[in-house]
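Structure data follow from start_2.txt (compact mmCIF, N, CA and C atoms):
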# COMPACT_ATOMS: atom_id res chain seq x y z
N MET A 606 92.29 77.68 85.97
CA MET A 606 92.52 77.87 87.39
C MET A 606 92.26 79.34 87.74
N THR A 607 91.48 79.58 88.77
CA THR A 607 91.18 80.93 89.23
C THR A 607 92.19 81.34 90.29
N VAL A 608 92.77 82.51 90.10
CA VAL A 608 93.70 83.05 91.08
C VAL A 608 92.94 84.08 91.91
N HIS A 609 92.87 83.84 93.20
CA HIS A 609 92.15 84.73 94.09
C HIS A 609 93.04 85.87 94.57
N ARG A 610 92.44 87.02 94.75
CA ARG A 610 93.15 88.19 95.26
C ARG A 610 93.41 88.00 96.75
N GLU A 611 94.61 88.28 97.17
CA GLU A 611 94.97 88.19 98.58
C GLU A 611 95.37 89.56 99.09
N ALA A 612 95.19 89.75 100.39
CA ALA A 612 95.56 91.00 101.03
C ALA A 612 96.29 90.70 102.33
N ARG A 613 97.14 91.65 102.71
CA ARG A 613 97.89 91.53 103.97
C ARG A 613 97.84 92.88 104.65
N LEU A 614 97.38 92.89 105.90
CA LEU A 614 97.29 94.12 106.69
C LEU A 614 98.68 94.57 107.10
N ARG A 615 98.96 95.84 106.85
CA ARG A 615 100.24 96.41 107.27
C ARG A 615 100.24 96.53 108.80
N PRO A 616 101.33 96.13 109.46
CA PRO A 616 101.37 96.12 110.94
C PRO A 616 101.03 97.45 111.59
N GLU A 617 101.40 98.57 110.98
CA GLU A 617 101.15 99.87 111.60
C GLU A 617 99.67 100.24 111.67
N PHE A 618 98.80 99.48 110.97
CA PHE A 618 97.36 99.75 110.99
C PHE A 618 96.57 98.65 111.73
N ALA A 619 97.27 97.75 112.39
CA ALA A 619 96.63 96.61 113.05
C ALA A 619 95.57 97.04 114.07
N ALA A 620 95.82 98.12 114.80
CA ALA A 620 94.87 98.56 115.83
C ALA A 620 93.53 98.98 115.24
N GLN A 621 93.51 99.36 113.98
CA GLN A 621 92.26 99.80 113.34
C GLN A 621 91.41 98.64 112.84
N TYR A 622 91.98 97.43 112.82
CA TYR A 622 91.28 96.26 112.28
C TYR A 622 91.35 95.09 113.27
N PRO A 623 90.64 95.19 114.39
CA PRO A 623 90.67 94.08 115.35
C PRO A 623 90.14 92.81 114.69
N GLY A 624 90.81 91.73 114.95
CA GLY A 624 90.40 90.45 114.38
C GLY A 624 91.07 90.12 113.07
N VAL A 625 91.77 91.07 112.46
CA VAL A 625 92.51 90.81 111.23
C VAL A 625 94.00 90.75 111.59
N PRO A 626 94.62 89.59 111.43
CA PRO A 626 96.03 89.49 111.80
C PRO A 626 96.91 90.29 110.85
N ALA A 627 97.82 91.05 111.40
CA ALA A 627 98.74 91.85 110.59
C ALA A 627 99.84 90.97 110.02
N GLY A 628 100.24 91.27 108.79
CA GLY A 628 101.37 90.57 108.18
C GLY A 628 101.06 89.20 107.65
N VAL A 629 99.79 88.80 107.59
CA VAL A 629 99.41 87.46 107.14
C VAL A 629 98.61 87.59 105.84
N TRP A 630 99.03 86.87 104.79
CA TRP A 630 98.29 86.88 103.54
C TRP A 630 97.00 86.09 103.71
N MET A 631 95.88 86.71 103.36
CA MET A 631 94.55 86.07 103.45
C MET A 631 93.77 86.43 102.20
N ALA A 632 92.73 85.66 101.92
CA ALA A 632 91.86 85.99 100.80
C ALA A 632 91.23 87.36 101.06
N ALA A 633 91.36 88.26 100.09
CA ALA A 633 90.82 89.61 100.25
C ALA A 633 89.31 89.57 100.47
N ALA A 634 88.63 88.64 99.84
CA ALA A 634 87.17 88.52 100.01
C ALA A 634 86.83 88.17 101.45
N ASP A 635 87.63 87.33 102.09
CA ASP A 635 87.37 86.95 103.48
C ASP A 635 87.59 88.13 104.42
N ILE A 636 88.64 88.90 104.17
CA ILE A 636 88.88 90.08 105.00
C ILE A 636 87.74 91.08 104.81
N GLY A 637 87.36 91.30 103.57
CA GLY A 637 86.26 92.22 103.28
C GLY A 637 84.97 91.81 103.95
N ALA A 638 84.65 90.52 103.91
CA ALA A 638 83.43 90.02 104.55
C ALA A 638 83.48 90.24 106.06
N ALA A 639 84.63 90.00 106.67
CA ALA A 639 84.78 90.21 108.11
C ALA A 639 84.63 91.69 108.46
N LEU A 640 85.21 92.57 107.64
CA LEU A 640 85.10 94.00 107.90
C LEU A 640 83.66 94.47 107.78
N LEU A 641 82.95 93.99 106.76
CA LEU A 641 81.54 94.38 106.61
C LEU A 641 80.69 93.86 107.76
N PHE A 642 80.94 92.63 108.19
CA PHE A 642 80.20 92.05 109.31
C PHE A 642 80.41 92.91 110.56
N ASN A 643 81.67 93.23 110.85
CA ASN A 643 81.98 94.05 112.03
C ASN A 643 81.35 95.44 111.90
N HIS A 644 81.38 96.00 110.71
CA HIS A 644 80.80 97.32 110.47
C HIS A 644 79.29 97.32 110.73
N LEU A 645 78.62 96.29 110.26
CA LEU A 645 77.16 96.21 110.41
C LEU A 645 76.72 95.93 111.84
N HIS A 646 77.59 95.31 112.62
CA HIS A 646 77.24 94.96 113.99
C HIS A 646 77.88 95.87 115.04
N SER A 647 78.50 96.95 114.60
CA SER A 647 79.16 97.87 115.51
C SER A 647 78.19 98.97 115.95
N ALA A 648 78.25 99.32 117.22
CA ALA A 648 77.40 100.42 117.72
C ALA A 648 77.84 101.75 117.13
N HIS A 649 79.13 101.90 116.87
CA HIS A 649 79.68 103.14 116.30
C HIS A 649 80.64 102.78 115.17
N PRO A 650 80.09 102.38 114.02
CA PRO A 650 80.97 101.96 112.92
C PRO A 650 81.78 103.13 112.36
N PRO A 651 83.01 102.86 111.95
CA PRO A 651 83.82 103.91 111.33
C PRO A 651 83.27 104.23 109.94
N GLN A 652 83.60 105.40 109.46
CA GLN A 652 83.19 105.81 108.12
C GLN A 652 83.92 104.95 107.09
N LEU A 653 83.18 104.39 106.15
CA LEU A 653 83.81 103.61 105.08
C LEU A 653 84.25 104.54 103.97
N GLY A 654 85.39 104.24 103.37
CA GLY A 654 85.89 105.03 102.25
C GLY A 654 85.34 104.50 100.94
N SER A 655 85.94 104.92 99.86
CA SER A 655 85.49 104.47 98.54
C SER A 655 85.87 103.01 98.29
N ARG A 656 86.84 102.49 99.04
CA ARG A 656 87.24 101.09 98.91
C ARG A 656 87.17 100.45 100.29
N LEU A 657 86.69 99.24 100.34
CA LEU A 657 86.57 98.56 101.62
C LEU A 657 87.93 98.30 102.24
N LEU A 658 88.87 97.83 101.44
CA LEU A 658 90.23 97.58 101.92
C LEU A 658 91.11 98.72 101.40
N ASP A 659 91.45 99.63 102.28
CA ASP A 659 92.25 100.80 101.93
C ASP A 659 93.64 100.37 101.47
N GLU A 660 94.04 100.82 100.29
CA GLU A 660 95.34 100.44 99.74
C GLU A 660 96.51 100.98 100.56
N ALA A 661 96.27 101.97 101.38
CA ALA A 661 97.33 102.46 102.27
C ALA A 661 97.50 101.53 103.48
N HIS A 662 96.46 100.77 103.81
CA HIS A 662 96.48 99.91 104.99
C HIS A 662 96.79 98.45 104.65
N PHE A 663 96.55 98.06 103.40
CA PHE A 663 96.73 96.67 102.98
C PHE A 663 97.64 96.57 101.77
N GLU A 664 98.37 95.45 101.68
CA GLU A 664 99.12 95.09 100.48
C GLU A 664 98.29 94.05 99.75
N PHE A 665 98.42 93.98 98.44
CA PHE A 665 97.63 93.04 97.65
C PHE A 665 98.52 92.25 96.71
N ARG A 666 98.06 91.04 96.39
CA ARG A 666 98.73 90.22 95.38
C ARG A 666 97.70 89.29 94.75
N GLY A 667 98.02 88.83 93.55
CA GLY A 667 97.16 87.88 92.85
C GLY A 667 95.91 88.51 92.27
N GLY A 668 95.04 87.65 91.79
CA GLY A 668 93.80 88.11 91.21
C GLY A 668 93.98 88.54 89.77
N ALA A 669 92.87 88.72 89.10
CA ALA A 669 92.89 89.17 87.72
C ALA A 669 93.19 90.66 87.68
N PRO A 670 93.87 91.10 86.63
CA PRO A 670 94.13 92.54 86.51
C PRO A 670 92.81 93.30 86.44
N ARG A 671 92.79 94.43 87.09
CA ARG A 671 91.57 95.24 87.13
C ARG A 671 91.42 96.00 85.81
N GLU A 672 90.22 95.93 85.25
CA GLU A 672 89.94 96.70 84.04
C GLU A 672 89.48 98.08 84.44
N ARG A 673 89.96 99.08 83.74
CA ARG A 673 89.57 100.45 84.04
C ARG A 673 88.33 100.77 83.22
N VAL A 674 87.28 101.12 83.91
CA VAL A 674 86.02 101.46 83.27
C VAL A 674 85.67 102.89 83.63
N GLU A 675 85.39 103.69 82.61
CA GLU A 675 84.97 105.06 82.88
C GLU A 675 83.49 105.06 83.18
N ALA A 676 83.14 105.64 84.30
CA ALA A 676 81.74 105.69 84.71
C ALA A 676 81.02 106.82 83.99
N ARG A 677 79.77 106.54 83.65
CA ARG A 677 78.92 107.60 83.10
C ARG A 677 78.20 108.26 84.26
N THR A 678 77.99 109.55 84.16
CA THR A 678 77.33 110.26 85.24
C THR A 678 75.82 110.22 85.10
N ARG A 679 75.33 110.05 83.88
CA ARG A 679 73.88 109.94 83.63
C ARG A 679 73.63 108.85 82.61
N ARG A 680 72.46 108.29 82.66
CA ARG A 680 72.11 107.25 81.72
C ARG A 680 72.19 107.75 80.28
N GLU A 681 71.90 109.06 80.06
CA GLU A 681 71.89 109.62 78.73
C GLU A 681 73.28 109.89 78.16
N ASP A 682 74.31 109.87 79.03
CA ASP A 682 75.66 110.13 78.55
C ASP A 682 76.07 109.06 77.54
N ALA A 683 76.77 109.47 76.52
CA ALA A 683 77.22 108.52 75.50
C ALA A 683 78.28 107.59 76.07
N GLN A 684 78.22 106.33 75.67
CA GLN A 684 79.26 105.39 76.06
C GLN A 684 80.43 105.54 75.11
N ARG A 685 81.62 105.28 75.61
CA ARG A 685 82.81 105.41 74.76
C ARG A 685 83.23 104.06 74.26
Please express the file's structure as structure tokens.
Amino acid sequence: MTVHREARLRPEFAAQYPGVPAGVWMAAADIGAALLFNHLHSAHPPQLGSRLLDEAHFEFRGGAPRERVEARTRREDAQR
């Protein structure tokens, strides 16, 4: 059985995410898709951060534990 990651928008950030109901658990992938769609179709899209769903704005539950992977800066860098 696959457990999907869910996210819930914190009420204090609701004005920044029109169309995303605050306080409601939803599939994180669905919220992300809606945010990308709105971003691509906006005349003045906001700057995206390093994560699509900001952890300060959303709560998360479920999903597989995230594996920590160290990124290499160049192809020639040795893998650990």
When you look at Leu614 (chain A) with a cut-off of 8 Å (counting all atoms listed in the file), what residues show up, excluding the ones that are within fewer than 2 positions of it in the same chain? I need them as a compact mmCIF listing (two decimals) with N, CA and C atoms, keeping the file's coordinate frame.
# COMPACT_ATOMS: atom_id res chain seq x y z
N GLU A 611 94.61 88.28 97.17
CA GLU A 611 94.97 88.19 98.58
C GLU A 611 95.37 89.56 99.09
N ALA A 612 95.19 89.75 100.39
CA ALA A 612 95.56 91.00 101.03
C ALA A 612 96.29 90.70 102.33
N PRO A 616 101.33 96.13 109.46
CA PRO A 616 101.37 96.12 110.94
C PRO A 616 101.03 97.45 111.59
N GLU A 617 101.40 98.57 110.98
CA GLU A 617 101.15 99.87 111.60
C GLU A 617 99.67 100.24 111.67
N PHE A 618 98.80 99.48 110.97
CA PHE A 618 97.36 99.75 110.99
C PHE A 618 96.57 98.65 111.73
N ALA A 619 97.27 97.75 112.39
CA ALA A 619 96.63 96.61 113.05
C ALA A 619 95.57 97.04 114.07
N VAL A 625 91.77 91.07 112.46
CA VAL A 625 92.51 90.81 111.23
C VAL A 625 94.00 90.75 111.59
N PRO A 626 94.62 89.59 111.43
CA PRO A 626 96.03 89.49 111.80
C PRO A 626 96.91 90.29 110.85
N ALA A 627 97.82 91.05 111.40
CA ALA A 627 98.74 91.85 110.59
C ALA A 627 99.84 90.97 110.02
N GLY A 628 100.24 91.27 108.79
CA GLY A 628 101.37 90.57 108.18
C GLY A 628 101.06 89.20 107.65
N VAL A 629 99.79 88.80 107.59
CA VAL A 629 99.41 87.46 107.14
C VAL A 629 98.61 87.59 105.84
N TRP A 630 99.03 86.87 104.79
CA TRP A 630 98.29 86.88 103.54
C TRP A 630 97.00 86.09 103.71
N MET A 631 95.88 86.71 103.36
CA MET A 631 94.55 86.07 103.45
C MET A 631 93.77 86.43 102.20
N ALA A 661 96.27 101.97 101.38
CA ALA A 661 97.33 102.46 102.27
C ALA A 661 97.50 101.53 103.48
N HIS A 662 96.46 100.77 103.81
CA HIS A 662 96.48 99.91 104.99
C HIS A 662 96.79 98.45 104.65
N PHE A 663 96.55 98.06 103.40
CA PHE A 663 96.73 96.67 102.98
C PHE A 663 97.64 96.57 101.77
N GLU A 664 98.37 95.45 101.68
CA GLU A 664 99.12 95.09 100.48
C GLU A 664 98.29 94.05 99.75
N PHE A 665 98.42 93.98 98.44
CA PHE A 665 97.63 93.04 97.65
C PHE A 665 98.52 92.25 96.71
Distance query Ala669 (chain A) at most 8 Å, only C-alpha atoms, self and fewer than 5 positions along chain excluded, as a ChimeraX atom specification: /A:608-610
Keeping N, CA and C atoms for every residue in the selection just given, could you write it to a file as a compact mmCIF listing (two decimals), keeping the file's coordinate frame?
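Here's the written file selection_7.txt:
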# COMPACT_ATOMS: atom_id res chain seq x y z
N VAL A 608 92.77 82.51 90.10
CA VAL A 608 93.70 83.05 91.08
C VAL A 608 92.94 84.08 91.91
N HIS A 609 92.87 83.84 93.20
CA HIS A 609 92.15 84.73 94.09
C HIS A 609 93.04 85.87 94.57
N ARG A 610 92.44 87.02 94.75
CA ARG A 610 93.15 88.19 95.26
C ARG A 610 93.41 88.00 96.75
Point-to-point distance in Å for CA of Ala648 (chain A) and atom N of Arg615 (chain A):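 Atom N of Arg615 (chain A) sits 24.6 Å away from CA of Ala648 (chain A).
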Atomic distance CA of Leu640 (chain A) - CA of Gly667 (chain A), expressed in Å with one decimal: 20.2 Å
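Rounded to one decimal, CA of His649 (chain A) and CA of Ile636 (chain A) lie 19.6 Å from each other.
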Can you take region 610-659 of chain A from the block and write N, CA and C atoms as a short mmCIF file (atom, residue, chain, number, x, y, z; two decimals), in the first residue's frame?
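Result file follows (part_5.cif):
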data_model
loop_
_atom_site.label_atom_id
_atom_site.label_comp_id
_atom_site.auth_asym_id
_atom_site.auth_seq_id
_atom_site.Cartn_x
_atom_site.Cartn_y
_atom_site.Cartn_z
N ARG A 610 1.80 11.59 0.51
CA ARG A 610 2.11 12.75 1.35
C ARG A 610 0.95 13.73 1.28
N GLU A 611 0.54 14.23 2.41
CA GLU A 611 -0.53 15.21 2.47
C GLU A 611 0.01 16.51 3.05
N ALA A 612 -0.65 17.59 2.69
CA ALA A 612 -0.27 18.91 3.18
C ALA A 612 -1.52 19.67 3.59
N ARG A 613 -1.33 20.59 4.53
CA ARG A 613 -2.44 21.43 4.99
C ARG A 613 -1.90 22.85 5.11
N LEU A 614 -2.56 23.78 4.43
CA LEU A 614 -2.18 25.19 4.46
C LEU A 614 -2.50 25.79 5.82
N ARG A 615 -1.52 26.45 6.40
CA ARG A 615 -1.74 27.14 7.68
C ARG A 615 -2.64 28.36 7.42
N PRO A 616 -3.66 28.58 8.25
CA PRO A 616 -4.63 29.66 8.02
C PRO A 616 -4.00 31.04 7.86
N GLU A 617 -2.92 31.33 8.56
CA GLU A 617 -2.32 32.67 8.49
C GLU A 617 -1.68 32.97 7.13
N PHE A 618 -1.53 31.95 6.26
CA PHE A 618 -0.94 32.15 4.93
C PHE A 618 -1.98 31.97 3.81
N ALA A 619 -3.25 31.86 4.17
CA ALA A 619 -4.30 31.59 3.18
C ALA A 619 -4.36 32.64 2.07
N ALA A 620 -4.13 33.90 2.40
CA ALA A 620 -4.21 34.97 1.39
C ALA A 620 -3.15 34.82 0.30
N GLN A 621 -2.06 34.13 0.60
CA GLN A 621 -0.99 33.96 -0.38
C GLN A 621 -1.25 32.82 -1.35
N TYR A 622 -2.27 31.99 -1.07
CA TYR A 622 -2.55 30.81 -1.88
C TYR A 622 -4.04 30.76 -2.24
N PRO A 623 -4.48 31.66 -3.11
CA PRO A 623 -5.91 31.63 -3.49
C PRO A 623 -6.24 30.30 -4.15
N GLY A 624 -7.37 29.77 -3.78
CA GLY A 624 -7.80 28.49 -4.35
C GLY A 624 -7.38 27.29 -3.53
N VAL A 625 -6.50 27.47 -2.54
CA VAL A 625 -6.11 26.37 -1.66
C VAL A 625 -6.80 26.60 -0.32
N PRO A 626 -7.70 25.70 0.06
CA PRO A 626 -8.41 25.90 1.33
C PRO A 626 -7.47 25.73 2.52
N ALA A 627 -7.54 26.64 3.46
CA ALA A 627 -6.71 26.57 4.66
C ALA A 627 -7.28 25.55 5.63
N GLY A 628 -6.38 24.83 6.30
CA GLY A 628 -6.80 23.91 7.35
C GLY A 628 -7.36 22.59 6.86
N VAL A 629 -7.25 22.29 5.57
CA VAL A 629 -7.80 21.06 5.00
C VAL A 629 -6.66 20.19 4.50
N TRP A 630 -6.61 18.92 4.95
CA TRP A 630 -5.59 18.00 4.47
C TRP A 630 -5.90 17.61 3.03
N MET A 631 -4.91 17.77 2.15
CA MET A 631 -5.06 17.42 0.73
C MET A 631 -3.78 16.73 0.28
N ALA A 632 -3.86 16.01 -0.83
CA ALA A 632 -2.65 15.40 -1.39
C ALA A 632 -1.67 16.51 -1.75
N ALA A 633 -0.44 16.40 -1.25
CA ALA A 633 0.58 17.42 -1.51
C ALA A 633 0.83 17.57 -3.01
N ALA A 634 0.76 16.47 -3.75
CA ALA A 634 0.98 16.53 -5.20
C ALA A 634 -0.11 17.37 -5.87
N ASP A 635 -1.34 17.27 -5.40
CA ASP A 635 -2.43 18.06 -5.98
C ASP A 635 -2.25 19.54 -5.70
N ILE A 636 -1.84 19.87 -4.48
CA ILE A 636 -1.60 21.28 -4.15
C ILE A 636 -0.45 21.80 -4.99
N GLY A 637 0.62 21.03 -5.09
CA GLY A 637 1.77 21.44 -5.89
C GLY A 637 1.41 21.67 -7.34
N ALA A 638 0.60 20.78 -7.92
CA ALA A 638 0.18 20.93 -9.31
C ALA A 638 -0.65 22.20 -9.50
N ALA A 639 -1.53 22.48 -8.55
CA ALA A 639 -2.36 23.69 -8.64
C ALA A 639 -1.49 24.94 -8.53
N LEU A 640 -0.49 24.92 -7.63
CA LEU A 640 0.39 26.07 -7.49
C LEU A 640 1.21 26.30 -8.74
N LEU A 641 1.72 25.23 -9.34
CA LEU A 641 2.49 25.38 -10.58
C LEU A 641 1.62 25.89 -11.72
N PHE A 642 0.40 25.39 -11.82
CA PHE A 642 -0.53 25.84 -12.86
C PHE A 642 -0.78 27.34 -12.70
N ASN A 643 -1.09 27.77 -11.48
CA ASN A 643 -1.35 29.19 -11.23
C ASN A 643 -0.10 30.03 -11.51
N HIS A 644 1.06 29.51 -11.15
CA HIS A 644 2.32 30.22 -11.38
C HIS A 644 2.57 30.42 -12.87
N LEU A 645 2.33 29.39 -13.65
CA LEU A 645 2.59 29.45 -15.09
C LEU A 645 1.59 30.33 -15.84
N HIS A 646 0.40 30.50 -15.28
CA HIS A 646 -0.63 31.28 -15.95
C HIS A 646 -0.84 32.66 -15.33
N SER A 647 0.04 33.05 -14.43
CA SER A 647 -0.07 34.35 -13.77
C SER A 647 0.70 35.41 -14.54
N ALA A 648 0.12 36.59 -14.65
CA ALA A 648 0.82 37.70 -15.32
C ALA A 648 2.02 38.15 -14.51
N HIS A 649 1.93 38.05 -13.19
CA HIS A 649 3.02 38.46 -12.30
C HIS A 649 3.23 37.37 -11.25
N PRO A 650 3.84 36.25 -11.64
CA PRO A 650 3.99 35.14 -10.68
C PRO A 650 4.96 35.51 -9.55
N PRO A 651 4.69 35.02 -8.35
CA PRO A 651 5.60 35.26 -7.24
C PRO A 651 6.88 34.45 -7.45
N GLN A 652 7.93 34.86 -6.79
CA GLN A 652 9.20 34.15 -6.85
C GLN A 652 9.04 32.80 -6.14
N LEU A 653 9.46 31.72 -6.79
CA LEU A 653 9.41 30.41 -6.16
C LEU A 653 10.66 30.20 -5.33
N GLY A 654 10.52 29.55 -4.20
CA GLY A 654 11.66 29.24 -3.35
C GLY A 654 12.27 27.92 -3.74
N SER A 655 13.10 27.39 -2.88
CA SER A 655 13.76 26.11 -3.16
C SER A 655 12.78 24.95 -3.06
N ARG A 656 11.65 25.15 -2.37
CA ARG A 656 10.62 24.12 -2.26
C ARG A 656 9.30 24.72 -2.72
N LEU A 657 8.54 23.95 -3.44
CA LEU A 657 7.26 24.45 -3.95
C LEU A 657 6.29 24.73 -2.81
N LEU A 658 6.21 23.81 -1.86
CA LEU A 658 5.35 24.00 -0.69
C LEU A 658 6.24 24.37 0.49
N ASP A 659 6.23 25.63 0.85
CA ASP A 659 7.07 26.15 1.92
C ASP A 659 6.67 25.51 3.25
#
